[in-house]
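First up is the structure itself, then whatever we jot down about it.
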Amino acid sequence: MSGLCVDTETMVTEALDASVRETFEMMTGKTIVHSGTRVMDSFPLVKKELQVPDGQVTVVVGLSGLLQGSVSVCVDEPVALSWTRDLIQHESQEVDQVVVDAIGELGNMVVGGMKGRLSDFQLKIGLPCVLLTGKTHLAFPTNCQPFELEYKCEGNNLLVFVALSKCHV
Amino acid sequence: MKVLLVDDSGVMRKIIARGLNSLWVDEVVEAADGVEALAAFGDGTGFDLILTDWNMPNMNGLELIQAIRGAGHKLPIMMITTESEKSQVLLAIQAGVNDYLVKPFDQEMLQMKLERVIPNPQTA
């Protein structure tokens, strides 16, 4: 189980899935394929041997309100580059500042769309933070184990990690 | 047709400006927050529309709308934002916004909204 009850987890998953699809389809005209959702039982600890480039980029967006935690959207570099190209016609073979900005905007739109679908939770979103790394370098507190939504975009990976817990007020 | 486009995201400004330039907008003036927008707006002469994001540093979109309306300007203002909750939309309407476009959006939606606030002069 993640840090949420089953009903809330289902609502969050559905809202996020709808938002991810909508963001990609609206902004790029591309369809992405949802290939699975699962609760992460264990996550690799960050170890020295993992400190190598992994060909992924991650945008992390913090959330507060009646749910608190973060949503991380992790994409293979080809997805980051094609997203940026489709969005603003920026051609690059590597992740530069424009790609970082575009990936930040991806996180903003995905989490913004989720927030709009979960208005009962009165969510507020923070500014996105982009990490030049991916899944193997992410770790989460034990009280906030994420669940993962997995997508395929033109043969490459797009992963969404949702690490939320209910805020007791 | 001249539009003042206000968004703290350079990526989003590029997307929207490109969309507007492919329609019937002649000139897009960009600003990164409400303070820059007010400076660019001046006395408002020549502007036909303001498109603004909500969440921005220094002065947000809602404060910008209130400042523009408070100064008596009647030109159309459209908000383009991820804030889609009913309460937020109502706040924006109360502040004087004419229309509201939720991100993400596609070119067709941008065109439809633009048509409502400043119709294409060639087809009007």
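In the structure tokens, the first chain shown is A, the next is B, and so on; residue numbers restart at 1 for each chain, and ligands run from 1 in the order shown.
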Cut-off 10 Å: closest chain B/chain A atom pairs per residue, using only C-alpha atoms, as a Markdown table:
```
| residue | atom | partner | partner_atom | distance |
| --- | --- | --- | --- | --- |
| B:Ser9 | CA | A:Glu105 | CA | 7.6 |
| B:Gly10 | CA | A:Asp101 | CA | 7.8 |
| B:Val11 | CA | A:Ala102 | CA | 6.0 |
| B:Met12 | CA | A:Glu105 | CA | 7.5 |
| B:Arg13 | CA | A:Ile88 | CA | 9.7 |
| B:Lys14 | CA | A:Ile88 | CA | 6.5 |
| B:Ile15 | CA | A:Ile88 | CA | 6.0 |
| B:Ile16 | CA | A:Ile88 | CA | 9.7 |
| B:Arg18 | CA | A:Ile88 | CA | 8.3 |
| B:Asn55 | CA | A:Leu127 | CA | 9.9 |
| B:Thr81 | CA | A:Gly112 | CA | 8.8 |
| B:Thr82 | CA | A:Gly112 | CA | 5.1 |
| B:Glu83 | CA | A:Gly116 | CA | 6.7 |
| B:Ser84 | CA | A:Gly116 | CA | 5.3 |
| B:Glu85 | CA | A:Gly116 | CA | 5.6 |
| B:Lys86 | CA | A:Ser119 | CA | 8.7 |
| B:Ser87 | CA | A:Ser119 | CA | 9.5 |
| B:Val102 | CA | A:Gly113 | CA | 8.8 |
| B:Lys103 | CA | A:Met109 | CA | 6.4 |
| B:Pro104 | CA | A:Thr23 | CA | 5.5 |
| B:Phe105 | CA | A:Met26 | CA | 5.6 |
| B:Asp106 | CA | A:Met26 | CA | 5.1 |
| B:Gln107 | CA | A:Met26 | CA | 8.6 |
| B:Glu108 | CA | A:Met26 | CA | 9.8 |
| B:Met109 | CA | A:Met26 | CA | 9.6 |
```
Inset, instruction - If you run DSSP over the backbone, which residues in chain B end up helix (DSSP H, G or I)? Put them as number ranges by chain. - result: B: 10-21, 34-41, 61-70, 86-95, 107-117
Inset, instruction - Run DSSP on the backbone and grab whatever in chain A lands in strand (DSSP E or B); send it over as a PyMOL selection string. - result: chain A and resi 33-39+56-64+67-76+124-125+129-131+147-153+156-166
Inset, instruction - Tell me which protein, DNA and RNA residues are within 12 Å of stretch 110-114 of chain B, counting only C-alpha atoms, leaving out same-chain ones fewer than 5 positions away, and put them as a ChimeraX atom specification. - result: /A:26-27 /B:1,3,15-25,48-51,76-80,98-105,119-121
Inset, instruction - Could you check how far atom CA of B:Leu64 sits from atom CA of B:Glu30, in Å to one decimal? - result: 14.2 Å
